[in-house]
$ cat model_14.pdb   # PDB, C-alpha atoms
ATOM      1  CA  MET A  49     -17.684 -63.395  -7.276
ATOM      2  CA  LEU A  50     -20.157 -63.239  -4.385
ATOM      3  CA  SER A  51     -20.123 -59.443  -4.155
ATOM      4  CA  ASP A  52     -22.297 -58.856  -7.224
ATOM      5  CA  PHE A  53     -25.304 -61.157  -7.454
ATOM      6  CA  GLY A  54     -27.499 -58.578  -9.163
ATOM      7  CA  ASN A  55     -31.229 -59.144  -9.148
ATOM      8  CA  ASN A  56     -32.761 -62.585  -9.125
ATOM      9  CA  ALA A  57     -36.335 -63.815  -8.896
ATOM     10  CA  LEU A  58     -36.369 -63.023  -5.162
ATOM     11  CA  GLY A  59     -34.755 -59.585  -5.479
ATOM     12  CA  PRO A  60     -31.199 -58.464  -4.819
ATOM     13  CA  LEU A  61     -28.992 -60.747  -2.732
ATOM     14  CA  SER A  62     -26.227 -59.103  -0.762
ATOM     15  CA  ARG A  63     -23.024 -60.851   0.249
ATOM     16  CA  GLY A  64     -24.051 -60.635   3.911
ATOM     17  CA  GLU A  65     -27.436 -62.168   3.166
ATOM     18  CA  TRP A  66     -25.747 -64.955   1.204
ATOM     19  CA  GLU A  67     -23.328 -65.667   4.052
ATOM     20  CA  ARG A  68     -26.015 -65.597   6.763
ATOM     21  CA  GLN A  69     -28.879 -67.353   5.029
ATOM     22  CA  TRP A  70     -27.694 -69.444   2.112
ATOM     23  CA  TYR A  71     -24.042 -70.363   2.649
ATOM     24  CA  PRO A  72     -24.765 -72.561   5.726
ATOM     25  CA  LEU A  73     -27.337 -74.464   3.658
ATOM     26  CA  TYR A  74     -24.836 -74.782   0.807
ATOM     27  CA  GLN A  75     -22.217 -76.153   3.220
ATOM     28  CA  ALA A  76     -24.696 -78.635   4.715
ATOM     29  CA  VAL A  77     -25.733 -79.917   1.274
ATOM     30  CA  LEU A  78     -22.101 -80.210   0.239
ATOM     31  CA  ALA A  79     -21.264 -82.193   3.404
ATOM     32  CA  TRP A  80     -24.252 -84.482   2.763
ATOM     33  CA  CYS A  81     -23.046 -85.074  -0.800
ATOM     34  CA  HIS A  82     -19.591 -86.030   0.454
ATOM     35  CA  MET A  83     -21.102 -88.481   2.952
ATOM     36  CA  GLN A  84     -23.230 -90.047   0.215
ATOM     37  CA  GLU A  85     -20.201 -90.304  -2.045
ATOM     38  CA  SER A  86     -18.228 -92.076   0.698
ATOM     39  CA  GLU A  87     -21.055 -94.538   1.304
ATOM     40  CA  VAL A  88     -21.374 -95.319  -2.406
ATOM     41  CA  GLU A  89     -17.615 -95.744  -2.733
ATOM     42  CA  ALA A  90     -17.561 -98.202   0.189
ATOM     43  CA  PHE A  91     -20.499-100.117  -1.314
ATOM     44  CA  TYR A  92     -18.807-100.226  -4.731
ATOM     45  CA  LYS A  93     -15.603-101.565  -3.195
ATOM     46  CA  ARG A  94     -17.581-104.319  -1.426
ATOM     47  CA  VAL A  95     -19.374-105.238  -4.660
ATOM     48  CA  ILE A  96     -16.233-105.469  -6.796
ATOM     49  CA  ALA A  97     -14.437-107.459  -4.086
ATOM     50  CA  MET A  98     -16.993-110.300  -4.372
TER
END

$ encode --input "model_14.pdb" --output "structure tokens"
Amino acid sequence: MLSDFGNNALGPLSRGEWERQWYPLYQAVLAWCHMQESEVEAFYKRVIAM
């Protein structure tokens, strides 16, 4: 999956480059999304409990 990105608009992207430069950003965005989801779920539960 990650081993063959081919060429993109910025040129070829190796697996090592993905893991060093982009995967940490991906993980951070994913963690942020999970936090937002938890906050919205808590808010929704408070709203429907009224």

$ axis_aligned_box --input "model_14.pdb" --around "region 58-74 of chain A" --padding-each-side "5 Å" --output "lines of an AutoDock Vina configuration file"
center_x = -29.7
center_y = -66.6
center_z = 0.6
size_x = 23.3
size_y = 26.3
size_z = 22.2

$ atom_distance --input "model_14.pdb" --atom1 "CA of Trp80 (chain A)" --atom2 "CA of Pro60 (chain A)"
28.0 Å

$ atom_distance --input "model_14.pdb" --atom1 "CA of Ala79 (chain A)" --atom2 "CA of Ser62 (chain A)"
24.0 Å

$ atom_distance --input "model_14.pdb" --atom1 "CA of Ala90 (chain A)" --atom2 "CA of Pro72 (chain A)"
27.2 Å
